[in-house]
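A.B. asks: My structure is stored as my_file_17.txt, with compact mmCIF, C-alpha atoms and all ligand atoms.
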# COMPACT_ATOMS: atom_id res chain seq x y z
CA MET B 69 -33.93 44.23 73.50
CA ASN B 70 -31.19 42.47 75.39
CA GLU B 71 -30.35 43.09 79.00
CA SER B 72 -27.42 45.37 78.41
CA THR B 73 -29.52 47.76 76.36
CA VAL B 74 -32.12 47.77 79.08
CA PHE B 75 -29.43 48.81 81.51
CA GLN B 76 -28.25 51.44 79.12
CA SER B 77 -31.66 52.96 78.51
CA ASP B 78 -32.60 53.45 82.11
CA LEU B 79 -31.35 51.61 85.14
CA MET B 80 -34.28 52.72 87.24
CA ASN B 81 -36.56 50.62 85.05
CA ALA B 82 -34.01 47.96 84.49
CA VAL B 83 -33.99 44.46 83.63
CA ILE B 84 -34.68 41.00 84.74
CA GLY B 85 -38.02 39.67 83.80
CA SER B 86 -40.99 40.25 86.02
CA PRO B 87 -42.11 43.73 87.10
CA ASN B 88 -41.68 42.64 90.70
CA ILE B 89 -38.00 42.05 90.12
CA ALA B 90 -37.56 45.03 87.79
CA LYS B 91 -37.13 47.49 90.64
CA LYS B 92 -34.35 45.35 92.00
CA GLY B 93 -32.29 45.95 88.85
CA SER B 94 -31.83 49.54 89.95
CA LEU B 95 -30.80 48.36 93.38
CA LEU B 96 -28.18 45.95 92.12
CA LEU B 97 -25.50 48.55 91.44
CA ARG B 98 -26.41 50.49 94.56
CA LEU B 99 -26.05 47.33 96.61
CA ILE B 100 -22.66 46.55 95.06
CA ARG B 101 -21.49 50.12 95.67
CA ALA B 102 -22.67 50.13 99.28
CA VAL B 103 -21.35 46.71 100.29
CA GLN B 104 -18.37 46.13 97.95
CA PRO B 105 -16.56 43.81 97.81
CA ILE B 106 -19.56 41.47 97.64
CA THR B 107 -20.13 37.95 96.29
CA ARG B 108 -22.77 37.07 93.68
CA THR B 109 -24.41 34.79 96.25
CA GLU B 110 -24.82 37.62 98.74
CA ILE B 111 -26.32 39.85 96.05
CA ALA B 112 -28.79 37.10 95.11
CA ASN B 113 -29.76 36.54 98.74
CA ARG B 114 -30.21 40.20 99.58
CA LEU B 115 -32.18 41.06 96.44
CA GLU B 116 -34.08 37.76 96.61
CA ILE B 117 -33.31 36.89 92.99
CA ASP B 118 -31.63 33.89 91.33
CA LYS B 119 -27.86 33.78 91.26
CA SER B 120 -28.04 33.24 87.48
CA THR B 121 -29.95 36.52 87.18
CA VAL B 122 -27.19 38.27 89.09
CA THR B 123 -24.64 36.75 86.74
CA ASP B 124 -26.60 37.83 83.65
CA ASN B 125 -26.67 41.38 84.97
CA VAL B 126 -23.11 41.78 86.15
CA LYS B 127 -21.48 40.20 83.06
CA PRO B 128 -21.99 43.19 80.72
CA LEU B 129 -20.88 45.55 83.51
CA ILE B 130 -17.66 43.58 83.92
CA SER B 131 -17.01 43.57 80.15
CA ALA B 132 -17.66 47.31 80.05
CA GLY B 133 -14.98 47.85 82.72
CA ILE B 134 -17.45 49.23 85.28
CA LEU B 135 -17.21 46.30 87.69
CA ARG B 136 -14.36 43.93 88.41
CA GLU B 137 -14.50 40.47 89.93
CA GLU B 138 -11.53 39.09 91.79
CA THR B 139 -10.64 36.31 94.19
CA LEU B 140 -10.58 37.33 97.81
CA GLU B 141 -7.52 36.21 99.72
CA ALA B 142 -9.25 34.22 102.43
CA LYS B 143 -7.41 32.96 105.49
CA GLY B 144 -6.94 29.24 105.92
CA GLN B 145 -8.14 26.45 103.65
CA GLY B 146 -11.27 26.19 101.63
CA ARG B 147 -12.62 27.80 98.54
CA LYS B 148 -11.64 31.42 98.13
CA PRO B 149 -14.67 33.58 97.33
CA ARG B 150 -14.94 35.66 94.16
CA VAL B 151 -16.07 39.18 94.95
CA LEU B 152 -17.42 42.07 92.89
CA SER B 153 -16.49 45.72 93.25
CA PHE B 154 -16.43 48.88 91.17
CA VAL B 155 -13.45 49.79 89.05
CA ASP B 156 -12.68 53.19 90.48
CA ASP B 157 -9.46 54.36 88.90
CA LYS B 158 -10.90 56.14 85.87
CA ASP B 159 -14.05 57.98 86.98
CA TYR B 160 -14.66 60.59 89.66
CA PHE B 161 -17.43 62.84 90.90
CA ILE B 162 -17.40 66.35 92.36
CA GLY B 163 -19.74 67.50 95.14
CA VAL B 164 -20.60 71.04 96.20
CA ASN B 165 -22.51 71.63 99.42
CA LEU B 166 -23.75 75.21 99.59
CA GLY B 167 -24.43 75.70 103.28
CA VAL B 168 -25.97 78.69 105.01
CA ARG B 169 -22.73 79.43 106.88
CA THR B 170 -20.04 77.33 105.23
CA SER B 171 -19.76 75.54 101.92
CA GLN B 172 -17.60 72.62 100.83
CA VAL B 173 -16.26 71.30 97.54
CA GLY B 174 -14.58 67.90 97.16
CA LEU B 175 -14.54 64.68 95.17
CA THR B 176 -15.27 60.99 95.46
CA THR B 177 -14.98 57.80 93.39
CA PHE B 178 -17.13 54.66 93.14
CA LYS B 179 -15.27 53.25 96.14
CA GLY B 180 -16.61 56.03 98.39
CA GLY B 181 -14.73 58.32 100.72
CA ILE B 182 -14.31 62.10 100.45
CA PHE B 183 -11.12 63.56 98.99
CA ASP B 184 -9.62 67.04 98.55
CA GLU B 185 -12.32 68.74 100.60
CA ASP B 186 -12.02 72.52 100.60
CA ASP B 187 -14.29 74.63 102.84
CA PHE B 188 -15.15 78.31 102.54
CA SER B 189 -17.48 80.73 104.32
CA THR B 190 -20.59 81.17 102.20
CA PRO B 191 -20.79 84.79 100.98
CA ASN B 192 -24.16 86.57 101.18
CA ASP B 193 -24.26 87.00 97.45
CA ALA B 194 -25.14 83.92 95.38
CA LYS B 195 -23.07 84.99 92.39
CA THR B 196 -19.89 85.28 94.46
CA ALA B 197 -20.61 81.96 96.19
CA LEU B 198 -21.00 80.17 92.86
CA GLN B 199 -17.83 81.77 91.52
CA MET B 200 -15.92 80.49 94.56
CA ALA B 201 -17.36 77.01 94.06
CA ARG B 202 -16.57 77.08 90.35
CA GLU B 203 -12.93 78.02 90.95
CA ARG B 204 -12.56 75.02 93.25
CA ILE B 205 -14.22 72.74 90.70
CA GLU B 206 -11.81 73.94 88.01
CA ASN B 207 -8.86 73.32 90.32
CA LEU B 208 -10.03 69.75 91.00
CA ILE B 209 -10.46 69.08 87.29
CA ALA B 210 -6.97 70.40 86.54
CA ALA B 211 -5.50 68.18 89.25
CA ASN B 212 -7.32 65.06 87.95
CA SER B 213 -6.68 65.27 84.22
CA ASP B 214 -5.86 61.55 84.11
CA ARG B 215 -9.42 60.68 85.16
CA GLN B 216 -12.90 61.43 83.83
CA LEU B 217 -15.27 63.69 85.76
CA ARG B 218 -18.76 62.20 85.38
CA VAL B 219 -21.29 64.29 87.33
CA ILE B 220 -21.23 67.33 89.63
CA GLY B 221 -23.71 67.07 92.52
CA VAL B 222 -24.79 70.21 94.38
CA SER B 223 -26.75 70.30 97.63
CA VAL B 224 -28.59 73.47 98.60
CA PRO B 225 -30.50 74.56 101.72
CA GLY B 226 -33.80 75.16 99.98
CA LEU B 227 -36.27 74.24 97.27
CA THR B 228 -35.11 73.09 93.85
CA ASP B 229 -36.99 73.06 90.57
CA ALA B 230 -38.40 69.78 89.23
CA GLU B 231 -35.48 69.35 86.78
CA ARG B 232 -32.98 69.76 89.63
CA GLN B 233 -31.07 72.55 87.88
CA ASN B 234 -32.04 75.65 89.81
CA LEU B 235 -32.50 76.78 93.38
CA VAL B 236 -36.01 78.17 93.69
CA TYR B 237 -35.77 79.61 97.20
CA ALA B 238 -33.37 79.28 100.13
CA PRO B 239 -34.99 81.14 103.05
CA ASN B 240 -31.93 81.23 105.29
CA LEU B 241 -29.74 82.68 102.52
CA ASP B 242 -32.54 84.80 101.03
CA TRP B 243 -31.58 83.54 97.57
CA HIS B 244 -34.32 83.32 94.95
CA ASP B 245 -34.30 81.71 91.49
CA ILE B 246 -30.60 80.98 91.14
CA SER B 247 -29.44 79.09 88.01
CA ILE B 248 -26.97 76.88 89.81
CA ALA B 249 -26.35 74.21 87.17
CA ASP B 250 -25.61 76.82 84.49
CA ALA B 251 -23.20 78.67 86.78
CA LEU B 252 -21.26 75.48 87.67
CA ARG B 253 -21.27 73.73 84.29
CA VAL B 254 -17.62 73.52 83.35
CA ASP B 255 -18.03 70.99 80.54
CA LYS B 256 -21.17 70.45 78.45
CA ASN B 257 -20.66 66.68 78.75
CA VAL B 258 -20.68 66.73 82.54
CA LYS B 259 -24.13 66.93 84.06
CA VAL B 260 -24.76 69.16 87.08
CA VAL B 261 -27.54 68.03 89.43
CA VAL B 262 -28.93 70.29 92.16
CA GLU B 263 -30.64 68.67 95.14
CA ASN B 264 -32.16 69.82 98.41
CA ASP B 265 -29.63 69.22 101.19
CA SER B 266 -31.96 67.12 103.35
CA THR B 267 -32.80 64.89 100.40
CA ALA B 268 -29.06 64.61 99.65
CA ALA B 269 -28.37 63.67 103.27
CA ALA B 270 -31.15 61.07 103.07
CA MET B 271 -29.52 59.52 99.99
CA TYR B 272 -26.22 59.30 101.88
CA GLU B 273 -27.86 57.70 104.91
CA ALA B 274 -29.74 55.25 102.65
CA ARG B 275 -26.40 53.91 101.39
CA MET B 276 -25.15 53.59 104.98
CA LYS B 277 -28.31 51.63 105.86
CA ILE B 278 -27.78 49.27 102.91
CA ARG B 279 -24.16 48.77 103.94
CA ASN B 280 -24.95 48.07 107.58
CA SER B 281 -27.99 45.84 107.24
CA ASN B 282 -27.88 42.18 106.42
CA ASP B 283 -31.43 41.69 105.27
CA GLY B 284 -33.59 43.37 102.66
CA LEU B 285 -32.95 46.63 100.89
CA MET B 286 -36.35 48.23 100.80
CA THR B 287 -35.62 50.72 103.53
CA ASN B 288 -38.11 53.39 104.54
CA PHE B 289 -37.12 56.28 106.75
CA ILE B 290 -37.53 59.99 107.44
CA LEU B 291 -34.35 62.04 107.70
CA VAL B 292 -34.55 65.19 109.81
CA ARG B 293 -31.63 67.52 109.13
CA SER B 294 -31.19 70.16 111.78
CA GLY B 295 -28.53 72.83 111.35
CA THR B 296 -29.16 76.48 110.61
CA GLY B 297 -32.69 75.45 109.62
CA ILE B 298 -34.61 72.16 109.56
CA GLY B 299 -35.23 70.11 106.43
CA VAL B 300 -36.72 66.65 106.01
CA GLY B 301 -35.73 64.01 103.46
CA LEU B 302 -38.02 61.08 102.74
CA VAL B 303 -36.78 57.64 101.67
CA ILE B 304 -39.55 55.27 100.63
CA GLY B 305 -38.67 51.81 99.28
CA SER B 306 -34.98 52.81 99.16
CA GLU B 307 -35.79 55.73 96.83
CA VAL B 308 -35.94 59.41 97.80
CA TYR B 309 -39.34 61.03 97.45
CA ARG B 310 -39.32 64.57 96.06
CA GLY B 311 -43.04 65.19 95.57
CA SER B 312 -45.03 64.78 92.38
CA GLY B 313 -46.01 66.92 89.39
CA VAL B 314 -45.37 70.64 89.94
CA GLY B 315 -44.55 69.80 93.56
CA ARG B 316 -41.43 67.83 92.61
CA GLY B 317 -38.60 69.25 94.69
CA ILE B 318 -40.68 70.52 97.59
CA ALA B 319 -41.51 67.34 99.55
CA GLY B 320 -40.15 67.45 103.06
CA GLU B 321 -40.41 71.20 103.72
CA PHE B 322 -41.46 70.61 107.29
CA GLY B 323 -39.01 73.14 108.77
CA HIS B 324 -41.55 75.87 108.19
CA MET B 325 -44.59 74.12 109.60
CA THR B 326 -46.09 76.20 112.37
CA ILE B 327 -45.40 74.67 115.74
CA VAL B 328 -46.19 77.67 117.99
CA ALA B 329 -49.12 79.86 116.88
CA GLY B 330 -48.00 83.51 116.86
CA GLY B 331 -44.50 82.40 117.90
CA LYS B 332 -41.04 83.70 116.98
CA PRO B 333 -40.78 85.45 113.59
CA CYS B 334 -39.06 83.37 110.90
CA VAL B 335 -37.01 84.35 107.82
CA CYS B 336 -39.79 82.89 105.66
CA GLY B 337 -42.15 85.67 106.81
CA ASN B 338 -44.34 83.46 108.99
CA ARG B 339 -44.23 83.02 112.77
CA GLY B 340 -43.64 80.02 115.01
CA CYS B 341 -41.93 77.78 112.42
CA TRP B 342 -40.48 74.48 113.68
CA GLU B 343 -36.93 75.48 112.76
CA LYS B 344 -37.11 78.51 115.06
CA TYR B 345 -37.45 76.07 117.99
CA ALA B 346 -35.62 72.88 117.08
CA SER B 347 -32.71 73.73 114.75
CA ALA B 348 -29.12 73.71 115.98
CA ALA B 349 -29.09 77.48 115.35
CA SER B 350 -32.14 78.03 117.56
CA ALA B 351 -30.16 76.60 120.51
CA ALA B 352 -28.20 79.86 120.59
CA SER B 353 -31.27 82.06 121.09
CA LEU B 354 -32.66 79.62 123.66
CA TYR B 355 -29.33 79.76 125.46
CA LEU B 356 -29.49 83.58 125.54
CA GLY B 357 -33.06 83.43 126.84
CA ASP B 358 -34.30 84.98 123.56
CA ARG B 359 -32.81 88.36 124.50
CA PRO B 360 -31.11 90.47 121.83
CA LEU B 361 -27.31 90.36 121.58
CA ARG B 362 -25.40 92.91 123.63
CA PRO B 363 -22.86 95.18 121.88
CA ASN B 364 -19.72 93.19 120.94
CA GLU B 365 -21.45 89.92 121.83
CA THR B 366 -21.66 87.14 119.23
CA MET B 367 -24.18 84.32 119.02
CA PRO B 368 -22.79 81.22 120.73
CA ARG B 369 -22.08 78.42 118.25
CA PHE B 370 -23.86 75.10 118.65
CA ALA B 371 -20.56 73.31 119.35
CA GLU B 372 -19.84 75.78 122.18
CA ILE B 373 -23.21 75.11 123.79
CA VAL B 374 -22.60 71.35 123.56
CA SER B 375 -19.19 71.69 125.15
CA LYS B 376 -20.62 73.85 127.97
CA ALA B 377 -23.28 71.18 128.53
CA GLU B 378 -20.56 68.54 128.66
CA ASN B 379 -18.83 70.61 131.33
CA GLY B 380 -22.03 70.47 133.37
CA GLU B 381 -23.37 73.97 132.73
CA ILE B 382 -27.10 73.83 133.55
CA ARG B 383 -28.17 76.62 131.18
CA ALA B 384 -26.51 74.86 128.23
CA ARG B 385 -28.09 71.52 129.16
CA ARG B 386 -31.54 73.07 129.53
CA SER B 387 -31.22 74.72 126.10
CA LEU B 388 -30.37 71.40 124.45
CA GLU B 389 -33.16 69.62 126.33
CA LYS B 390 -35.62 72.23 125.11
CA ILE B 391 -34.42 71.65 121.54
CA GLY B 392 -35.01 67.91 122.07
CA ASP B 393 -38.55 68.58 123.29
CA TYR B 394 -39.49 70.75 120.29
CA LEU B 395 -37.74 68.39 117.91
CA GLY B 396 -39.73 65.45 119.30
CA ILE B 397 -43.03 67.34 119.01
CA GLY B 398 -42.34 68.06 115.34
CA ILE B 399 -41.05 64.56 114.60
CA ALA B 400 -44.21 63.01 116.05
CA ASN B 401 -46.23 65.22 113.66
CA VAL B 402 -44.08 64.23 110.70
CA ILE B 403 -44.30 60.50 111.54
CA MET B 404 -48.07 60.75 111.78
CA GLY B 405 -48.30 62.67 108.50
CA VAL B 406 -45.99 60.48 106.47
CA GLY B 407 -46.68 57.13 108.11
CA ILE B 408 -43.04 56.07 108.39
CA PRO B 409 -42.02 55.42 112.01
CA ARG B 410 -38.24 55.31 111.51
CA VAL B 411 -36.38 58.63 111.83
CA ILE B 412 -32.71 59.49 111.38
CA ILE B 413 -31.33 62.79 112.70
CA SER B 414 -28.66 64.49 110.61
CA GLY B 415 -26.79 67.79 110.66
CA ARG B 416 -24.93 69.68 113.40
CA LEU B 417 -27.52 68.67 115.97
CA VAL B 418 -26.02 65.16 116.03
CA TYR B 419 -23.11 66.54 118.08
CA GLY B 420 -25.49 67.28 120.96
CA TRP B 421 -27.46 64.04 120.63
CA LYS B 422 -26.77 62.69 124.13
CA PHE B 423 -28.45 65.75 125.69
CA ILE B 424 -31.26 65.93 123.16
CA LYS B 425 -32.47 62.36 122.80
CA GLU B 426 -34.23 61.77 126.14
CA PRO B 427 -36.53 64.85 126.01
CA LEU B 428 -37.08 64.05 122.32
CA TYR B 429 -38.22 60.50 123.17
CA GLN B 430 -40.47 61.86 125.94
CA ALA B 431 -42.14 64.31 123.53
CA ILE B 432 -42.83 61.52 121.05
CA LYS B 433 -44.18 59.27 123.80
CA ARG B 434 -46.74 61.99 124.67
CA SER B 435 -48.07 61.87 121.09
CA ILE B 436 -50.41 59.22 119.72
CA ILE B 437 -47.63 57.62 117.67
CA GLY B 438 -45.65 57.28 120.90
CA LYS B 439 -48.32 54.94 122.23
CA THR B 440 -47.59 52.46 119.44
CA GLU B 441 -44.76 49.96 119.06
CA GLY B 442 -41.99 50.10 116.54
CA TRP B 443 -41.05 53.75 116.15
CA SER B 444 -37.40 54.74 116.38
CA VAL B 445 -35.29 57.89 116.23
CA GLU B 446 -31.53 57.55 115.84
CA ALA B 447 -28.58 59.83 115.08
CA GLY B 448 -27.06 59.58 111.60
CA GLU B 449 -23.57 60.48 110.40
CA PRO B 450 -22.62 64.17 110.38
CA GLN B 451 -20.81 63.79 107.03
CA GLY B 452 -24.05 63.03 105.18
CA ALA B 453 -25.44 66.47 105.98
CA ALA B 454 -22.49 68.21 104.34
CA LEU B 455 -20.31 67.17 101.42
CA GLY B 456 -21.22 63.47 101.67
CA GLY B 457 -24.79 64.20 100.54
CA ALA B 458 -23.73 66.28 97.52
CA LEU B 459 -21.33 63.55 96.40
CA GLU B 460 -24.03 60.93 96.82
CA VAL B 461 -26.30 62.94 94.52
CA ALA B 462 -23.59 62.92 91.84
CA VAL B 463 -22.85 59.18 91.99
CA GLU B 464 -26.53 58.17 92.17
CA GLU B 465 -27.30 60.30 89.13
CA TYR B 466 -24.55 58.58 87.17
CA LEU B 467 -25.65 55.08 88.20
CA ALA B 468 -29.26 55.87 87.31
CA HIS B 469 -28.81 57.62 83.97
CA GLY B 470 -25.20 58.03 82.98
CA LEU B 471 -23.69 54.56 82.50
CA SER B 472 -23.06 53.40 78.97
CA ILE B 473 -22.21 49.76 78.36
ZN ZN J 501 -40.44 79.77 108.51
Starting from the file, lay out its structure as structure tokens.
Ligand SMILES: [Zn+2]

C.D. replies:
Amino acid sequence: MNESTVFQSDLMNAVIGSPNIAKKGSLLLRLIRAVQPITRTEIANRLEIDKSTVTDNVKPLISAGILREETLEAKGQGRKPRVLSFVDDKDYFIGVNLGVRTSQVGLTTFKGGIFDEDDFSTPNDAKTALQMARERIENLIAANSDRQLRVIGVSVPGLTDAERQNLVYAPNLDWHDISIADALRVDKNVKVVVENDSTAAAMYEARMKIRNSNDGLMTNFILVRSGTGIGVGLVIGSEVYRGSGVGRGIAGEFGHMTIVAGGKPCVCGNRGCWEKYASAASAASLYLGDRPLRPNETMPRFAEIVSKAENGEIRARRSLEKIGDYLGIGIANVIMGVGIPRVIISGRLVYGWKFIKEPLYQAIKRSIIGKTEGWSVEAGEPQGAALGGALEVAVEEYLAHGLSI
């Protein structure tokens, strides 16, 4: 078996000699995509492999028209570096983020970026929602007939099946057993992959971490996505963790861990779930003092509460601080359970980060993990929690299983 057939069979198990280095084969394309344009020397340094190994691996990808190598126009004298990047003018990927309140459809290429984003309010009924998404997919395909659609990635606010084709349960939408891939399959040659939205956001943030770090690639972090609910994505050794065996697709369901015994009732049927106290949506009920809405009154949106806090309103600030406290209590539990001390916050909550972070840090410091060195909680990029995550799912799927060279 030569190297190109190894790549073709399965990039995740790819290539290059020793088992220790084998994992790095799967990271090679992800590194190039995250950092492009990038030199062979930088790839070798960051993956800690020989430059000749890099060359052996990129050659077939260049001949297959997947990568291109060109001379960078450097300023001044000296040798101009040769850099690698993806050829992005013939392939594209569609993402669908099915959100509890709003959904988005759009496309991306190997170069990154989000194009032709179209948002719509998510209808209560799954069938109507999928029809609306499908219409937008068909419109994008019609408008891009000169390019090849490779994969459709879908992110959903709930549990997926192990094959990543169906939504098993989305508590905040009350959708059960929805065949999402079948409903959105427009072409039998184009795979549809369905992923939990927190896992999708974690994949997006993982690429950002690769792009912004200069050292190794084996990043480990916990992503906490707080919007209408709370979901957790786990990245271990630069790979997302979805659970194992029959549990594949359910790892990270921390939003429904009980944080207040006998507390507020939750859509899942239990009481006192974390997301009733620390989601962006829970800020609204905190702001109203947990009283029911008056006639003609609407729930304040998270962005409104943040803007009131910015204008110095005490009640708005207190609500956000309370969210930070509950969020920190839960995060300390998650860190202790998973054993990964680095946390990235994603979702709408990021917009209120400056009011949330201090009480969050204090809550973690009260916990046992807070007494140790080296933990961190930082805000991620809002885009990853929406369409960015769904698009990441699509591109990653293609890099892992779809390339043919
Ligand atoms: Zn719950």

A.B. asks: As a quick test: using all atoms listed in the file, which residues lie no more than 8 Å away from ligand ZN 501 (chain J)? Give them as JSON, numbers by chain.

C.D. replies: {"B": [239, 323, 324, 325, 326, 333, 334, 335, 336, 337, 338, 339, 340, 341, 342, 343, 344]}

A.B. asks: I'd like the neighbourhood of stretch 300-305 of chain B as a tab-separated table (two decimals) with C-alpha atoms, in the frame of the given file, where a residue qualifies if any of its atoms comes within 8 Å (using only C-alpha atoms), though same-chain residues fewer than 3 positions away should be ignored.

C.D. replies:
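Produced file around.tsv, reproduced below:
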chain	number	residue	atom	x	y	z
B	266	SER	CA	-31.96	67.12	103.35
B	267	THR	CA	-32.80	64.89	100.40
B	268	ALA	CA	-29.06	64.61	99.65
B	269	ALA	CA	-28.37	63.67	103.27
B	270	ALA	CA	-31.15	61.07	103.07
B	271	MET	CA	-29.52	59.52	99.99
B	274	ALA	CA	-29.74	55.25	102.65
B	285	LEU	CA	-32.95	46.63	100.89
B	286	MET	CA	-36.35	48.23	100.80
B	287	THR	CA	-35.62	50.72	103.53
B	288	ASN	CA	-38.11	53.39	104.54
B	289	PHE	CA	-37.12	56.28	106.75
B	290	ILE	CA	-37.53	59.99	107.44
B	291	LEU	CA	-34.35	62.04	107.70
B	292	VAL	CA	-34.55	65.19	109.81
B	293	ARG	CA	-31.63	67.52	109.13
B	308	VAL	CA	-35.94	59.41	97.80
B	309	TYR	CA	-39.34	61.03	97.45
B	310	ARG	CA	-39.32	64.57	96.06
B	319	ALA	CA	-41.51	67.34	99.55
B	320	GLY	CA	-40.15	67.45	103.06
B	321	GLU	CA	-40.41	71.20	103.72
B	322	PHE	CA	-41.46	70.61	107.29
B	323	GLY	CA	-39.01	73.14	108.77

A.B. asks: Which polymer residues, whether protein, DNA or RNA, lie within 7 Å of the coordinate (-29.1, 74.8, 103.9) when you count all atoms listed in the file? List them as a ChimeraX atom specification, using the chain letters and numbers from the file.

C.D. replies: /B:166-168,224-226,265,296-297

A.B. asks: Could you check which residues have any atom within 10 Å of (-24.0, 62.8, 113.9), counting only C-alpha atoms with coordinates taken straight from the file, and then list them as a compact mmCIF listing (two decimals) with C-alpha atoms, in the frame of the given file?

C.D. replies:
# COMPACT_ATOMS: atom_id res chain seq x y z
CA ILE B 412 -32.71 59.49 111.38
CA ILE B 413 -31.33 62.79 112.70
CA SER B 414 -28.66 64.49 110.61
CA GLY B 415 -26.79 67.79 110.66
CA ARG B 416 -24.93 69.68 113.40
CA LEU B 417 -27.52 68.67 115.97
CA VAL B 418 -26.02 65.16 116.03
CA TYR B 419 -23.11 66.54 118.08
CA GLY B 420 -25.49 67.28 120.96
CA TRP B 421 -27.46 64.04 120.63
CA GLU B 446 -31.53 57.55 115.84
CA ALA B 447 -28.58 59.83 115.08
CA GLY B 448 -27.06 59.58 111.60
CA GLU B 449 -23.57 60.48 110.40
CA PRO B 450 -22.62 64.17 110.38
CA GLN B 451 -20.81 63.79 107.03
CA GLY B 452 -24.05 63.03 105.18
CA ALA B 453 -25.44 66.47 105.98

A.B. asks: Check the smallest atom-to-atom distance from each of B:Leu115, B:Val219, B:Val402, B:Val254 to B:Ile100 using all atoms listed in the file, then report the winner.

C.D. replies: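 That would be B:Leu115, the residue with the smallest distance to B:Ile100.
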
A.B. asks: Residues at most 7 Å from stretch 383-394 of chain B, counting all atoms listed in the file, excluding those fewer than 3 positions away in the same chain, as a ChimeraX atom specification?

C.D. replies: /B:345-346,351,354-355,373,376-377,397-398,423-425,427-428,431

A.B. asks: Extract, using only C-alpha atoms, all DNA, RNA and protein residues at most 8 Å from B:Glu138, discarding same-chain residues fewer than 3 positions from it, and format them as a list in words.

C.D. replies: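 Contacts, with the query itself left out: Arg150, Val151 and Leu152 of chain B.
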
A.B. asks: As a list in words, please: the residues near B:Leu467 (cut-off 8 Å, only C-alpha atoms, same-chain neighbours under 2 positions excluded).

C.D. replies: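 That gives Leu79, Leu97, Arg98, Val463, Glu464, Glu465, His469, Gly470 and Leu471 of chain B.
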
A.B. asks: Excluding stretch 181-195 of chain B and residues on its chain fewer than 5 positions from it, collect all residues at most 12 Å away from it, counting all atoms listed in the file, and give them as a short mmCIF file (atom, residue, chain, number, x, y, z; two decimals) with C-alpha atoms, in the frame of the given file.

C.D. replies:
data_model
loop_
_atom_site.label_atom_id
_atom_site.label_comp_id
_atom_site.auth_asym_id
_atom_site.auth_seq_id
_atom_site.Cartn_x
_atom_site.Cartn_y
_atom_site.Cartn_z
CA ARG B 101 -21.49 50.12 95.67
CA ALA B 102 -22.67 50.13 99.28
CA ASP B 156 -12.68 53.19 90.48
CA TYR B 160 -14.66 60.59 89.66
CA PHE B 161 -17.43 62.84 90.90
CA ILE B 162 -17.40 66.35 92.36
CA GLY B 163 -19.74 67.50 95.14
CA VAL B 164 -20.60 71.04 96.20
CA ASN B 165 -22.51 71.63 99.42
CA LEU B 166 -23.75 75.21 99.59
CA GLY B 167 -24.43 75.70 103.28
CA VAL B 168 -25.97 78.69 105.01
CA ARG B 169 -22.73 79.43 106.88
CA THR B 170 -20.04 77.33 105.23
CA SER B 171 -19.76 75.54 101.92
CA GLN B 172 -17.60 72.62 100.83
CA VAL B 173 -16.26 71.30 97.54
CA GLY B 174 -14.58 67.90 97.16
CA LEU B 175 -14.54 64.68 95.17
CA THR B 176 -15.27 60.99 95.46
CA MET B 200 -15.92 80.49 94.56
CA ALA B 201 -17.36 77.01 94.06
CA ARG B 202 -16.57 77.08 90.35
CA GLU B 203 -12.93 78.02 90.95
CA ARG B 204 -12.56 75.02 93.25
CA ILE B 205 -14.22 72.74 90.70
CA ASN B 207 -8.86 73.32 90.32
CA LEU B 208 -10.03 69.75 91.00
CA ILE B 209 -10.46 69.08 87.29
CA ALA B 211 -5.50 68.18 89.25
CA ASN B 212 -7.32 65.06 87.95
CA VAL B 224 -28.59 73.47 98.60
CA PRO B 225 -30.50 74.56 101.72
CA LEU B 235 -32.50 76.78 93.38
CA TYR B 237 -35.77 79.61 97.20
CA ALA B 238 -33.37 79.28 100.13
CA ASN B 240 -31.93 81.23 105.29
CA LEU B 241 -29.74 82.68 102.52
CA ASP B 242 -32.54 84.80 101.03
CA TRP B 243 -31.58 83.54 97.57
CA HIS B 244 -34.32 83.32 94.95
CA ASP B 245 -34.30 81.71 91.49
CA ILE B 246 -30.60 80.98 91.14
CA SER B 247 -29.44 79.09 88.01
CA ILE B 248 -26.97 76.88 89.81
CA ASP B 250 -25.61 76.82 84.49
CA ALA B 251 -23.20 78.67 86.78
CA LEU B 252 -21.26 75.48 87.67
CA TYR B 272 -26.22 59.30 101.88
CA GLN B 451 -20.81 63.79 107.03
CA GLY B 452 -24.05 63.03 105.18
CA ALA B 454 -22.49 68.21 104.34
CA LEU B 455 -20.31 67.17 101.42
CA GLY B 456 -21.22 63.47 101.67
CA GLY B 457 -24.79 64.20 100.54
CA ALA B 458 -23.73 66.28 97.52
CA LEU B 459 -21.33 63.55 96.40
CA GLU B 460 -24.03 60.93 96.82
CA VAL B 463 -22.85 59.18 91.99
#

A.B. asks: Work out how far atom CA of B:Val406 is from atom CA of B:Ile432, in Å to one decimal.

C.D. replies: 15.0 Å

A.B. asks: Please determine, counting all atoms listed in the file, which residue among B:Arg369, B:Ala352, B:Ala329, B:Phe154 has the shortest atom-to-atom distance to B:Ile130.

C.D. replies: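 Using all atoms listed in the file, the shortest distance to B:Ile130 belongs to B:Phe154.
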
A.B. asks: Go through B:Gly396, B:Ile437, B:Asn280, B:Ile382 one by one, measure the shortest atom-to-atom distance of each to B:Ile327 using only C-alpha atoms, and give the residue with the smallest value.

C.D. replies: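 Using only C-alpha atoms, B:Ile327 sits closest to B:Gly396.
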
A.B. asks: For the atom pair atom CA of B:Lys422 and atom CA of B:Glu307, what is the interatomic distance in Å to one decimal place?

C.D. replies: 29.6 Å

A.B. asks: Which is closer to B:Ser312 than all the others in B:Asn364, B:Asp229, B:Val126, B:Asp255, using only C-alpha atoms?

C.D. replies: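 Once distances to B:Ser312 are computed over only C-alpha atoms, the minimum belongs to B:Asp229.
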